[in-house]
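Visitor: Structure provided below as structure tokens; questions to follow.
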Amino acid sequence: MPPAAAVVGRSIMKAFQHLATQDLHTRRVEEAYRVVVECVTAVDPAMRLYMFGSTAVYGVHEKGSDVDFVALSETDVEDGKGEDAATQVAKGLQAEFLGKLARVVRQKHFSWNVEEVRRTRVPVIRVKGGSGVDFDITVNRRNGVRNSALLRAYFEQDPPCRWLSMGVKRWSKRVGLNASVVGGSITSYGFNLMVVYYLLQRGALQFIPPTAIDVAKVAPVPPYLPLEPPQNDGVELGERVLDFLQFYMNEFDAARHVISLSRPGITTKEQLNWTKDAEDRARMNGEKINYQWCIEDPYELNLNVGRNVTPLKRDFLRKHMDKARETALLTST
Ligand code: GTP
Ligand code: MG
Ligand code: MG
């Protein structure tokens with residue numbers, strides 16, 4: 001018998017107790033923003049800098065989370081609903097800009113660790129800053145800004161839902177399912193898509209067409225969205241968490257359906273041609289694409305955010321979800 005919702009909710013609240021005494025205001029990362037702007041400007045003064053990822057999605061900055069930045073040209077911003085180029089040429093140009101940027105960052109902040117990552121789907125530089133704030137910088141790609149703004153628009157419909165998302169993210173990192181941990185397979189972004197899809201299926205949120213999100217209307221530094229403690233001593237939060245696990249364990253049909261925010265209702269693998277046959281053929285950067293646990297990216301064409309979930313990892317996911325019911329997302333042990 002899983003513990004009662006009230007017990008689960010209280011346990012999760014306790015795990016996030018430290019946030020009550022922390023300054024969660026997004027102004028805490030404005031300093032990092034200024035530093036990166038300075039470096040970007042030194043490479044190209046016409047580029048604009050946008051912050052996305054969890055700071056934008058939640059409207060708060062949790063200590064320990066990295067900050068995601070993207071440098072955009074004026075045209076990128078003006079054409080704020082445009083598709084990102086995915087060609088090798090575009091990738092090459094992005095890598096070139098990031099190479100210059102990496103040099104500037106190293107010059108200005110010689111004690112920081114700056115790593116150029118070229119082998120990923122999207123070229124990125126990873127900076128481990130001295131002040132405890134780590135950040136990723138990409139260039140000329142609007143999709144991160146758009147997908148973060150989309151997730152935020154959903155959480156703004158019901159701000160307490162951020163607790164479910166934060167609880168799931170914390171758990172995914174601790175049990176090793178999160179791609180930021182060695183052996184993990186789904187990014188925090190992927191888990192957020194799962195959380196919002198579940199809430200949509202339950203009718204707890206109203207569908208937002210991804211095409212409605214326009215970078216030209218998004219603030220470069222995300223506005224602060226205060227995080228109130230869960231209501232009712234966490235009872236509703238506990239219910240939500242148990243119901244989320246119930247949904248993915250027993251209701252979501254992983255063999256036939258796709259977790260998707262691209263359209264309301266159900267999306268099937270068949271519809272996207274994410275079939276066994278496609279799985280046998282598909283490769284990305286030489287790596288196999290799995291269609292075992294399908295999460296459709298709302299902006300990237302034909303991209304499964306769950307592509308690294310192998311049959312074995314899908315079994316892990318199920319086992320950990322099953323355990324999470326007893327352990328209140330690993331907060332009670
Ligand atoms: P933490 O950094 O773990 O606190 O969470 P986060 O909300 O910042 O998420 P994450 O760092 O995973 O993702 C930040 C951004 O990177 C997202 O908004 C996406 O644009 C991009 N991203 C991360 N993972 C993926 C992925 O698997 N596929 C795609 N297309 N984009 C991703
Ligand atoms: Mg991040
Ligand atoms: Mg990141």
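Each chain in the structure tokens gets a letter, A, B, ..., in the order shown, and its residues are numbered from 1; ligands are numbered from 1 in order too.
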Using DSSP on the backbone, list every residue of region 38-200 of chain A that comes out as strand (DSSP E or B), and give them as a ChimeraX atom specification.
Guide: /A:48-52,67-72,113-117,124-128,134-139,178,186
Visitor: Would you put the residues from that selection into a file with N, CA, C and O atoms, as a short mmCIF file (atom, residue, chain, number, x, y, z; two decimals), in the first residue's frame?
Guide:
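The result, written out as out_1.cif:
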```
data_model
loop_
_atom_site.label_atom_id
_atom_site.label_comp_id
_atom_site.auth_asym_id
_atom_site.auth_seq_id
_atom_site.Cartn_x
_atom_site.Cartn_y
_atom_site.Cartn_z
N ARG A 48 21.98 39.53 -29.48
CA ARG A 48 21.20 39.68 -28.24
C ARG A 48 21.30 38.39 -27.45
O ARG A 48 21.37 37.32 -28.03
N LEU A 49 21.27 38.52 -26.13
CA LEU A 49 21.40 37.34 -25.29
C LEU A 49 20.08 37.00 -24.59
O LEU A 49 19.44 37.87 -24.00
N TYR A 50 19.67 35.74 -24.68
CA TYR A 50 18.45 35.26 -24.03
C TYR A 50 18.77 34.17 -23.02
O TYR A 50 19.63 33.32 -23.27
N MET A 51 18.05 34.21 -21.91
CA MET A 51 18.19 33.18 -20.89
C MET A 51 17.01 32.22 -21.04
O MET A 51 15.88 32.68 -21.22
N PHE A 52 17.27 30.92 -21.00
CA PHE A 52 16.13 29.97 -21.06
C PHE A 52 16.38 28.82 -20.10
O PHE A 52 17.10 29.00 -19.12
N VAL A 67 22.55 27.63 -15.88
CA VAL A 67 21.76 28.65 -16.57
C VAL A 67 22.02 28.47 -18.06
O VAL A 67 23.15 28.29 -18.49
N ASP A 68 20.94 28.45 -18.83
CA ASP A 68 21.06 28.24 -20.27
C ASP A 68 20.93 29.58 -20.99
O ASP A 68 19.98 30.32 -20.76
N PHE A 69 21.92 29.87 -21.85
CA PHE A 69 21.90 31.12 -22.62
C PHE A 69 21.94 30.82 -24.10
O PHE A 69 22.55 29.83 -24.52
N VAL A 70 21.34 31.72 -24.89
CA VAL A 70 21.52 31.64 -26.34
C VAL A 70 21.71 33.05 -26.89
O VAL A 70 21.02 33.98 -26.48
N ALA A 71 22.70 33.20 -27.77
CA ALA A 71 22.92 34.47 -28.45
C ALA A 71 22.14 34.43 -29.76
O ALA A 71 22.29 33.49 -30.55
N LEU A 72 21.28 35.44 -29.96
CA LEU A 72 20.45 35.49 -31.17
C LEU A 72 20.73 36.77 -31.95
O LEU A 72 20.99 37.82 -31.35
N ASN A 113 36.48 27.35 -16.30
CA ASN A 113 36.67 26.22 -17.19
C ASN A 113 35.68 26.33 -18.36
O ASN A 113 34.47 26.35 -18.15
N VAL A 114 36.21 26.44 -19.56
CA VAL A 114 35.36 26.62 -20.74
C VAL A 114 35.55 25.44 -21.69
O VAL A 114 36.67 25.17 -22.12
N GLU A 115 34.45 24.75 -21.97
CA GLU A 115 34.56 23.56 -22.82
C GLU A 115 33.70 23.74 -24.07
O GLU A 115 32.52 24.08 -23.97
N GLU A 116 34.30 23.52 -25.23
CA GLU A 116 33.52 23.60 -26.48
C GLU A 116 33.02 22.20 -26.82
O GLU A 116 33.83 21.29 -27.00
N VAL A 117 31.72 22.03 -26.89
CA VAL A 117 31.17 20.71 -27.18
C VAL A 117 30.62 20.73 -28.61
O VAL A 117 29.64 21.42 -28.89
N VAL A 124 27.58 23.74 -28.49
CA VAL A 124 27.36 24.47 -27.23
C VAL A 124 28.70 24.68 -26.54
O VAL A 124 29.62 23.88 -26.74
N ILE A 125 28.82 25.77 -25.77
CA ILE A 125 29.97 25.84 -24.86
C ILE A 125 29.47 25.76 -23.42
O ILE A 125 28.45 26.34 -23.06
N ARG A 126 30.19 24.98 -22.65
CA ARG A 126 29.85 24.76 -21.23
C ARG A 126 30.86 25.52 -20.40
O ARG A 126 32.06 25.30 -20.53
N VAL A 127 30.37 26.40 -19.55
CA VAL A 127 31.26 27.21 -18.72
C VAL A 127 31.04 26.87 -17.25
O VAL A 127 29.89 26.86 -16.78
N LYS A 128 32.11 26.52 -16.57
CA LYS A 128 32.02 26.35 -15.12
C LYS A 128 32.65 27.58 -14.50
O LYS A 128 33.86 27.74 -14.48
N ASP A 134 27.08 27.74 -13.17
CA ASP A 134 27.55 27.15 -14.41
C ASP A 134 26.57 27.51 -15.52
O ASP A 134 25.38 27.62 -15.27
N PHE A 135 27.09 27.69 -16.72
CA PHE A 135 26.14 27.94 -17.81
C PHE A 135 26.53 27.32 -19.13
O PHE A 135 27.69 27.00 -19.38
N ASP A 136 25.50 27.14 -19.95
CA ASP A 136 25.64 26.64 -21.32
C ASP A 136 25.33 27.81 -22.25
O ASP A 136 24.41 28.56 -21.99
N ILE A 137 26.10 27.94 -23.32
CA ILE A 137 25.77 28.98 -24.30
C ILE A 137 25.65 28.36 -25.69
O ILE A 137 26.54 27.62 -26.13
N THR A 138 24.57 28.64 -26.36
CA THR A 138 24.37 28.22 -27.75
C THR A 138 24.15 29.49 -28.58
O THR A 138 24.10 30.59 -28.04
N VAL A 139 24.03 29.32 -29.89
CA VAL A 139 23.87 30.51 -30.73
C VAL A 139 22.91 30.26 -31.89
O VAL A 139 22.83 29.13 -32.41
N ASN A 178 17.91 10.96 -14.89
CA ASN A 178 18.12 12.24 -15.58
C ASN A 178 19.41 12.21 -16.39
O ASN A 178 20.46 11.77 -15.92
N ILE A 186 16.84 10.68 -19.83
CA ILE A 186 15.85 11.72 -20.16
C ILE A 186 16.28 13.03 -19.49
O ILE A 186 16.56 13.04 -18.29
#
```
Visitor: Please identify all protein, DNA and RNA residues within 9 Å of ligand 1, counting only C-alpha atoms and all ligand atoms, and report them as JSON, numbers by chain.
Guide: {"A": [52, 53, 54, 55, 56, 57, 58, 61, 62, 64, 65, 66, 67, 68, 121, 122, 136, 142, 143, 144, 145, 146, 147, 148, 149, 151, 166, 169, 170, 173, 178, 179, 180, 185, 186, 187, 188, 189, 190, 191, 192, 297, 298, 299, 300, 303, 304, 305, 306, 307, 308]}
Visitor: Run DSSP on the backbone of this structure and report the residues of region 90-145 of chain A it assigns to alpha helix (DSSP H), as a PyMOL selection string.
Guide: chain A and resi 90-108+143-145
Visitor: Could you save those same residues with N, CA and C atoms as a PDB file, in the first residue's frame?
Guide:
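Saved the output as result.pdb:
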```pdb
ATOM      1  N   ALA A  90      24.856  25.387 -41.048  1.00  0.00           N
ATOM      2  CA  ALA A  90      24.406  26.192 -39.906  1.00  0.00           C
ATOM      3  C   ALA A  90      25.174  25.778 -38.648  1.00  0.00           C
ATOM      4  N   LYS A  91      25.328  24.482 -38.466  1.00  0.00           N
ATOM      5  CA  LYS A  91      26.057  23.972 -37.305  1.00  0.00           C
ATOM      6  C   LYS A  91      27.503  24.465 -37.309  1.00  0.00           C
ATOM      7  N   GLY A  92      28.104  24.469 -38.500  1.00  0.00           N
ATOM      8  CA  GLY A  92      29.491  24.928 -38.648  1.00  0.00           C
ATOM      9  C   GLY A  92      29.639  26.397 -38.265  1.00  0.00           C
ATOM     10  N   LEU A  93      28.689  27.226 -38.727  1.00  0.00           N
ATOM     11  CA  LEU A  93      28.728  28.654 -38.406  1.00  0.00           C
ATOM     12  C   LEU A  93      28.542  28.889 -36.909  1.00  0.00           C
ATOM     13  N   GLN A  94      27.654  28.095 -36.313  1.00  0.00           N
ATOM     14  CA  GLN A  94      27.426  28.225 -34.869  1.00  0.00           C
ATOM     15  C   GLN A  94      28.695  27.863 -34.101  1.00  0.00           C
ATOM     16  N   ALA A  95      29.332  26.774 -34.516  1.00  0.00           N
ATOM     17  CA  ALA A  95      30.560  26.331 -33.841  1.00  0.00           C
ATOM     18  C   ALA A  95      31.655  27.393 -33.969  1.00  0.00           C
ATOM     19  N   GLU A  96      31.673  28.064 -35.129  1.00  0.00           N
ATOM     20  CA  GLU A  96      32.686  29.095 -35.356  1.00  0.00           C
ATOM     21  C   GLU A  96      32.480  30.282 -34.393  1.00  0.00           C
ATOM     22  N   PHE A  97      31.234  30.725 -34.302  1.00  0.00           N
ATOM     23  CA  PHE A  97      30.927  31.828 -33.377  1.00  0.00           C
ATOM     24  C   PHE A  97      31.280  31.428 -31.941  1.00  0.00           C
ATOM     25  N   LEU A  98      30.897  30.210 -31.567  1.00  0.00           N
ATOM     26  CA  LEU A  98      31.137  29.754 -30.189  1.00  0.00           C
ATOM     27  C   LEU A  98      32.630  29.609 -29.906  1.00  0.00           C
ATOM     28  N   GLY A  99      33.400  29.282 -30.939  1.00  0.00           N
ATOM     29  CA  GLY A  99      34.862  29.209 -30.784  1.00  0.00           C
ATOM     30  C   GLY A  99      35.423  30.569 -30.406  1.00  0.00           C
ATOM     31  N   LYS A 100      34.943  31.607 -31.113  1.00  0.00           N
ATOM     32  CA  LYS A 100      35.394  32.973 -30.812  1.00  0.00           C
ATOM     33  C   LYS A 100      34.947  33.374 -29.403  1.00  0.00           C
ATOM     34  N   LEU A 101      33.712  33.029 -29.093  1.00  0.00           N
ATOM     35  CA  LEU A 101      33.164  33.385 -27.783  1.00  0.00           C
ATOM     36  C   LEU A 101      33.956  32.688 -26.669  1.00  0.00           C
ATOM     37  N   ALA A 102      34.289  31.434 -26.887  1.00  0.00           N
ATOM     38  CA  ALA A 102      35.054  30.682 -25.879  1.00  0.00           C
ATOM     39  C   ALA A 102      36.389  31.364 -25.606  1.00  0.00           C
ATOM     40  N   ARG A 103      37.021  31.864 -26.681  1.00  0.00           N
ATOM     41  CA  ARG A 103      38.311  32.531 -26.524  1.00  0.00           C
ATOM     42  C   ARG A 103      38.150  33.792 -25.661  1.00  0.00           C
ATOM     43  N   VAL A 104      37.096  34.568 -25.951  1.00  0.00           N
ATOM     44  CA  VAL A 104      36.861  35.796 -25.180  1.00  0.00           C
ATOM     45  C   VAL A 104      36.601  35.463 -23.706  1.00  0.00           C
ATOM     46  N   VAL A 105      35.781  34.452 -23.467  1.00  0.00           N
ATOM     47  CA  VAL A 105      35.464  34.090 -22.072  1.00  0.00           C
ATOM     48  C   VAL A 105      36.745  33.687 -21.336  1.00  0.00           C
ATOM     49  N   ARG A 106      37.589  32.907 -22.013  1.00  0.00           N
ATOM     50  CA  ARG A 106      38.848  32.473 -21.388  1.00  0.00           C
ATOM     51  C   ARG A 106      39.765  33.660 -21.081  1.00  0.00           C
ATOM     52  N   GLN A 107      39.784  34.630 -22.016  1.00  0.00           N
ATOM     53  CA  GLN A 107      40.618  35.812 -21.819  1.00  0.00           C
ATOM     54  C   GLN A 107      40.152  36.644 -20.632  1.00  0.00           C
ATOM     55  N   LYS A 108      38.840  36.853 -20.568  1.00  0.00           N
ATOM     56  CA  LYS A 108      38.289  37.733 -19.541  1.00  0.00           C
ATOM     57  C   LYS A 108      38.221  37.055 -18.176  1.00  0.00           C
ATOM     58  N   ASN A 143      14.770  27.622 -30.626  1.00  0.00           N
ATOM     59  CA  ASN A 143      13.892  26.587 -30.071  1.00  0.00           C
ATOM     60  C   ASN A 143      13.937  26.455 -28.554  1.00  0.00           C
ATOM     61  N   GLY A 144      15.111  26.662 -27.970  1.00  0.00           N
ATOM     62  CA  GLY A 144      15.220  26.567 -26.508  1.00  0.00           C
ATOM     63  C   GLY A 144      14.414  27.665 -25.822  1.00  0.00           C
ATOM     64  N   VAL A 145      14.488  28.874 -26.388  1.00  0.00           N
ATOM     65  CA  VAL A 145      13.726  29.998 -25.842  1.00  0.00           C
ATOM     66  C   VAL A 145      12.233  29.712 -25.996  1.00  0.00           C
TER      67      VAL A 145
END
```
Visitor: So which residues touch Pro230 (chain A) within 10 Å, counting only C-alpha atoms, skipping near sequence neighbours fewer than 5 positions away, as an mmCIF file with all heavy atoms, in the first residue's frame?
Guide:
```cif
data_model
loop_
_atom_site.group_PDB
_atom_site.id
_atom_site.type_symbol
_atom_site.label_atom_id
_atom_site.label_comp_id
_atom_site.auth_asym_id
_atom_site.auth_seq_id
_atom_site.Cartn_x
_atom_site.Cartn_y
_atom_site.Cartn_z
ATOM 1 N N GLY A 9 2.916 14.331 0.194
ATOM 2 C CA GLY A 9 3.038 15.783 0.014
ATOM 3 C C GLY A 9 3.936 16.396 1.060
ATOM 4 O O GLY A 9 4.821 17.199 0.753
ATOM 5 N N ARG A 10 3.735 15.997 2.319
ATOM 6 C CA ARG A 10 4.526 16.572 3.409
ATOM 7 C C ARG A 10 5.999 16.199 3.265
ATOM 8 O O ARG A 10 6.888 17.002 3.500
ATOM 9 C CB ARG A 10 3.987 16.105 4.765
ATOM 10 C CG ARG A 10 3.549 17.289 5.624
ATOM 11 C CD ARG A 10 2.969 16.847 6.946
ATOM 12 N NE ARG A 10 1.684 16.193 6.779
ATOM 13 C CZ ARG A 10 1.313 15.047 7.367
ATOM 14 N NH1 ARG A 10 2.142 14.407 8.151
ATOM 15 N NH2 ARG A 10 0.130 14.539 7.147
ATOM 16 N N ILE A 12 7.624 15.557 0.507
ATOM 17 C CA ILE A 12 8.238 16.331 -0.585
ATOM 18 C C ILE A 12 8.487 17.777 -0.142
ATOM 19 O O ILE A 12 9.526 18.351 -0.422
ATOM 20 C CB ILE A 12 7.367 16.259 -1.861
ATOM 21 C CG1 ILE A 12 7.322 14.814 -2.370
ATOM 22 C CG2 ILE A 12 7.901 17.194 -2.954
ATOM 23 C CD1 ILE A 12 6.351 14.572 -3.495
ATOM 24 N N MET A 13 7.524 18.323 0.571
ATOM 25 C CA MET A 13 7.700 19.693 1.076
ATOM 26 C C MET A 13 8.935 19.801 1.952
ATOM 27 O O MET A 13 9.675 20.780 1.887
ATOM 28 C CB MET A 13 6.473 20.122 1.884
ATOM 29 C CG MET A 13 5.324 20.586 1.013
ATOM 30 S SD MET A 13 3.848 20.913 1.975
ATOM 31 C CE MET A 13 4.305 22.403 2.842
ATOM 32 N N PRO A 160 1.255 26.384 -8.864
ATOM 33 C CA PRO A 160 1.669 25.320 -7.934
ATOM 34 C C PRO A 160 2.137 24.042 -8.643
ATOM 35 O O PRO A 160 2.846 23.233 -8.048
ATOM 36 C CB PRO A 160 0.402 25.037 -7.118
ATOM 37 C CG PRO A 160 -0.403 26.287 -7.212
ATOM 38 C CD PRO A 160 -0.122 26.844 -8.587
ATOM 39 N N CYS A 161 1.768 23.861 -9.917
ATOM 40 C CA CYS A 161 2.232 22.683 -10.662
ATOM 41 C C CYS A 161 3.750 22.634 -10.758
ATOM 42 O O CYS A 161 4.328 21.587 -11.043
ATOM 43 C CB CYS A 161 1.640 22.658 -12.070
ATOM 44 S SG CYS A 161 -0.077 22.198 -12.042
ATOM 45 N N ARG A 162 4.403 23.773 -10.529
ATOM 46 C CA ARG A 162 5.870 23.770 -10.537
ATOM 47 C C ARG A 162 6.421 22.843 -9.469
ATOM 48 O O ARG A 162 7.509 22.300 -9.612
ATOM 49 C CB ARG A 162 6.402 25.202 -10.329
ATOM 50 C CG ARG A 162 6.223 26.084 -11.567
ATOM 51 C CD ARG A 162 6.669 27.500 -11.280
ATOM 52 N NE ARG A 162 5.796 28.136 -10.292
ATOM 53 C CZ ARG A 162 6.024 29.323 -9.739
ATOM 54 N NH1 ARG A 162 7.122 30.004 -10.057
ATOM 55 N NH2 ARG A 162 5.179 29.843 -8.874
ATOM 56 N N TRP A 163 5.681 22.660 -8.383
ATOM 57 C CA TRP A 163 6.155 21.747 -7.332
ATOM 58 C C TRP A 163 6.218 20.314 -7.829
ATOM 59 O O TRP A 163 7.131 19.558 -7.499
ATOM 60 C CB TRP A 163 5.268 21.847 -6.085
ATOM 61 C CG TRP A 163 5.481 23.108 -5.322
ATOM 62 C CD1 TRP A 163 4.610 24.158 -5.203
ATOM 63 C CD2 TRP A 163 6.651 23.481 -4.575
ATOM 64 N NE1 TRP A 163 5.161 25.158 -4.438
ATOM 65 C CE2 TRP A 163 6.415 24.764 -4.036
ATOM 66 C CE3 TRP A 163 7.877 22.858 -4.322
ATOM 67 C CZ2 TRP A 163 7.347 25.433 -3.241
ATOM 68 C CZ3 TRP A 163 8.808 23.521 -3.535
ATOM 69 C CH2 TRP A 163 8.543 24.793 -3.006
ATOM 70 N N VAL A 235 -1.260 18.341 0.695
ATOM 71 C CA VAL A 235 -2.176 17.245 0.340
ATOM 72 C C VAL A 235 -2.369 17.152 -1.181
ATOM 73 O O VAL A 235 -2.209 16.089 -1.782
ATOM 74 C CB VAL A 235 -3.551 17.389 1.032
ATOM 75 C CG1 VAL A 235 -4.496 16.296 0.581
ATOM 76 C CG2 VAL A 235 -3.385 17.358 2.542
ATOM 77 N N GLU A 236 -2.662 18.308 -1.807
ATOM 78 C CA GLU A 236 -2.877 18.295 -3.266
ATOM 79 C C GLU A 236 -1.606 17.906 -4.013
ATOM 80 O O GLU A 236 -1.670 17.176 -5.002
ATOM 81 C CB GLU A 236 -3.351 19.662 -3.777
ATOM 82 C CG GLU A 236 -4.816 19.945 -3.548
ATOM 83 C CD GLU A 236 -5.081 20.582 -2.193
ATOM 84 O OE1 GLU A 236 -4.101 20.775 -1.428
ATOM 85 O OE2 GLU A 236 -6.256 20.864 -1.877
ATOM 86 N N LEU A 237 -0.474 18.385 -3.523
ATOM 87 C CA LEU A 237 0.795 18.027 -4.160
ATOM 88 C C LEU A 237 0.997 16.511 -4.095
ATOM 89 O O LEU A 237 1.344 15.876 -5.096
ATOM 90 C CB LEU A 237 1.961 18.761 -3.479
ATOM 91 C CG LEU A 237 3.364 18.355 -3.925
ATOM 92 C CD1 LEU A 237 3.587 18.618 -5.415
ATOM 93 C CD2 LEU A 237 4.440 19.082 -3.101
ATOM 94 N N GLY A 238 0.742 15.928 -2.937
ATOM 95 C CA GLY A 238 0.874 14.474 -2.780
ATOM 96 C C GLY A 238 -0.059 13.725 -3.721
ATOM 97 O O GLY A 238 0.329 12.743 -4.360
#
```
Visitor: For the contact check between region 49-167 of chain A and region 194-213 of chain A, emit one row per residue of region 49-167 of chain A within 8 Å, containing the shortest atom pair and the distance in Å rounded to one decimal, counting only C-alpha atoms, chain then rising number order, as a Markdown table.
Guide:
```
| residue | atom | partner | partner_atom | distance |
| --- | --- | --- | --- | --- |
| A:Lys81 | CA | A:Ile213 | CA | 6.9 |
| A:Arg146 | CA | A:Ile213 | CA | 6.1 |
| A:Ala149 | CA | A:Ile213 | CA | 7.0 |
| A:Leu150 | CA | A:Ile213 | CA | 6.5 |
| A:Leu151 | CA | A:Val196 | CA | 7.6 |
| A:Tyr154 | CA | A:Leu205 | CA | 7.0 |
| A:Gln157 | CA | A:Leu205 | CA | 6.8 |
| A:Asp158 | CA | A:Leu205 | CA | 7.5 |
| A:Leu164 | CA | A:Val195 | CA | 7.6 |
| A:Ser165 | CA | A:Val195 | CA | 6.3 |
```
Visitor: Convert the current residue selection to file output with N, CA, C and O atoms, as a PDB file, in the first residue's frame.
Guide:
```pdb
ATOM      1  N   LYS A  81       9.028  33.260 -34.761  1.00  0.00           N
ATOM      2  CA  LYS A  81       8.324  31.987 -34.885  1.00  0.00           C
ATOM      3  C   LYS A  81       8.979  31.117 -35.948  1.00  0.00           C
ATOM      4  O   LYS A  81       8.425  30.098 -36.359  1.00  0.00           O
ATOM      5  N   ARG A 146      11.883  29.178 -27.153  1.00  0.00           N
ATOM      6  CA  ARG A 146      10.458  28.905 -27.405  1.00  0.00           C
ATOM      7  C   ARG A 146       9.937  27.774 -26.522  1.00  0.00           C
ATOM      8  O   ARG A 146       8.865  27.892 -25.924  1.00  0.00           O
ATOM      9  N   ALA A 149       9.551  29.007 -22.996  1.00  0.00           N
ATOM     10  CA  ALA A 149       8.414  29.933 -22.878  1.00  0.00           C
ATOM     11  C   ALA A 149       7.089  29.166 -22.917  1.00  0.00           C
ATOM     12  O   ALA A 149       6.128  29.521 -22.231  1.00  0.00           O
ATOM     13  N   LEU A 150       7.062  28.095 -23.721  1.00  0.00           N
ATOM     14  CA  LEU A 150       5.845  27.272 -23.786  1.00  0.00           C
ATOM     15  C   LEU A 150       5.586  26.591 -22.438  1.00  0.00           C
ATOM     16  O   LEU A 150       4.466  26.638 -21.906  1.00  0.00           O
ATOM     17  N   LEU A 151       6.628  25.979 -21.867  1.00  0.00           N
ATOM     18  CA  LEU A 151       6.477  25.312 -20.566  1.00  0.00           C
ATOM     19  C   LEU A 151       6.075  26.329 -19.496  1.00  0.00           C
ATOM     20  O   LEU A 151       5.212  26.078 -18.666  1.00  0.00           O
ATOM     21  N   TYR A 154       2.473  27.228 -19.661  1.00  0.00           N
ATOM     22  CA  TYR A 154       1.659  26.192 -19.009  1.00  0.00           C
ATOM     23  C   TYR A 154       1.701  26.336 -17.488  1.00  0.00           C
ATOM     24  O   TYR A 154       0.665  26.303 -16.825  1.00  0.00           O
ATOM     25  N   GLN A 157      -0.433  28.953 -15.968  1.00  0.00           N
ATOM     26  CA  GLN A 157      -1.860  28.628 -15.840  1.00  0.00           C
ATOM     27  C   GLN A 157      -2.175  28.101 -14.440  1.00  0.00           C
ATOM     28  O   GLN A 157      -3.276  28.263 -13.939  1.00  0.00           O
ATOM     29  N   ASP A 158      -1.204  27.426 -13.837  1.00  0.00           N
ATOM     30  CA  ASP A 158      -1.397  26.841 -12.508  1.00  0.00           C
ATOM     31  C   ASP A 158      -0.033  26.764 -11.803  1.00  0.00           C
ATOM     32  O   ASP A 158       0.595  25.704 -11.768  1.00  0.00           O
ATOM     33  N   LEU A 164       5.212  19.913  -8.596  1.00  0.00           N
ATOM     34  CA  LEU A 164       5.237  18.564  -9.176  1.00  0.00           C
ATOM     35  C   LEU A 164       6.461  18.431 -10.077  1.00  0.00           C
ATOM     36  O   LEU A 164       7.231  17.463  -9.985  1.00  0.00           O
ATOM     37  N   SER A 165       6.668  19.434 -10.930  1.00  0.00           N
ATOM     38  CA  SER A 165       7.800  19.403 -11.848  1.00  0.00           C
ATOM     39  C   SER A 165       9.130  19.366 -11.104  1.00  0.00           C
ATOM     40  O   SER A 165      10.033  18.590 -11.438  1.00  0.00           O
TER      41      SER A 165
END
```
Visitor: Between A:Cys39, A:Val215, A:Leu312, A:Val8, which one has atoms that come closest to Glu83 (chain A), using only C-alpha atoms?
Guide: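 Of all the options, A:Val215 lies closest to Glu83 (chain A).
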Visitor: Using only C-alpha atoms, which residues sit within 9 Å of region 279-294 of chain A once same-chain residues fewer than 5 positions away are excluded, as JSON, numbers by chain?
Guide: {"A": [119, 120, 121, 254, 255, 257, 258, 259, 260, 269, 274, 304, 305, 306, 307, 308, 309, 310, 311, 314]}
Visitor: Go ahead and compute the interatomic distance for CA of Lys217 (chain A) and CA of Glu74 (chain A), in Å to one decimal.
Guide: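 Separation between CA of Lys217 (chain A) and CA of Glu74 (chain A): 13.1 Å.
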Visitor: Quick one: of A:Phe110, A:Tyr33, A:Trp171, A:Tyr248, who's nearest to Val221 (chain A), counting only C-alpha atoms?
Guide: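 Among the listed residues, A:Tyr33 lies closest to Val221 (chain A).
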Visitor: A:Val29, A:Gly59, A:Ala6, A:Ile295: which is nearest Phe155 (chain A), counting only C-alpha atoms?
Guide: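 Checking each of A:Val29, A:Gly59, A:Ala6, A:Ile295 against Phe155 (chain A), counting only C-alpha atoms, the winner is A:Gly59.
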Visitor: Write out as a PyMOL selection string the residues lying within 10 Å of His320 (chain A), counting only C-alpha atoms and excluding same-chain residues fewer than 5 positions away.
Guide: chain A and resi 171-172+175-177+245+314-315+325+327+329-330
Visitor: Hey, what's within 7 Å of Val60 (chain A) if we count only C-alpha atoms and toss same-chain stuff fewer than 4 positions away? As a VMD selection string, please?
Guide: chain A and resid 24 to 26 55 224 to 225
Visitor: Between CA of Gly129 (chain A) and CA of Arg27 (chain A), what is the distance in Å, rounded to a tenth?
Guide: 17.2 Å
Visitor: Restricting the calculation to only C-alpha atoms, which member of A:Leu19, A:Val133, A:Leu242, A:Val182 is positioned closest to Glu31 (chain A)?
Guide: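 The shortest atom-to-atom distance to Glu31 (chain A) comes from A:Val133.
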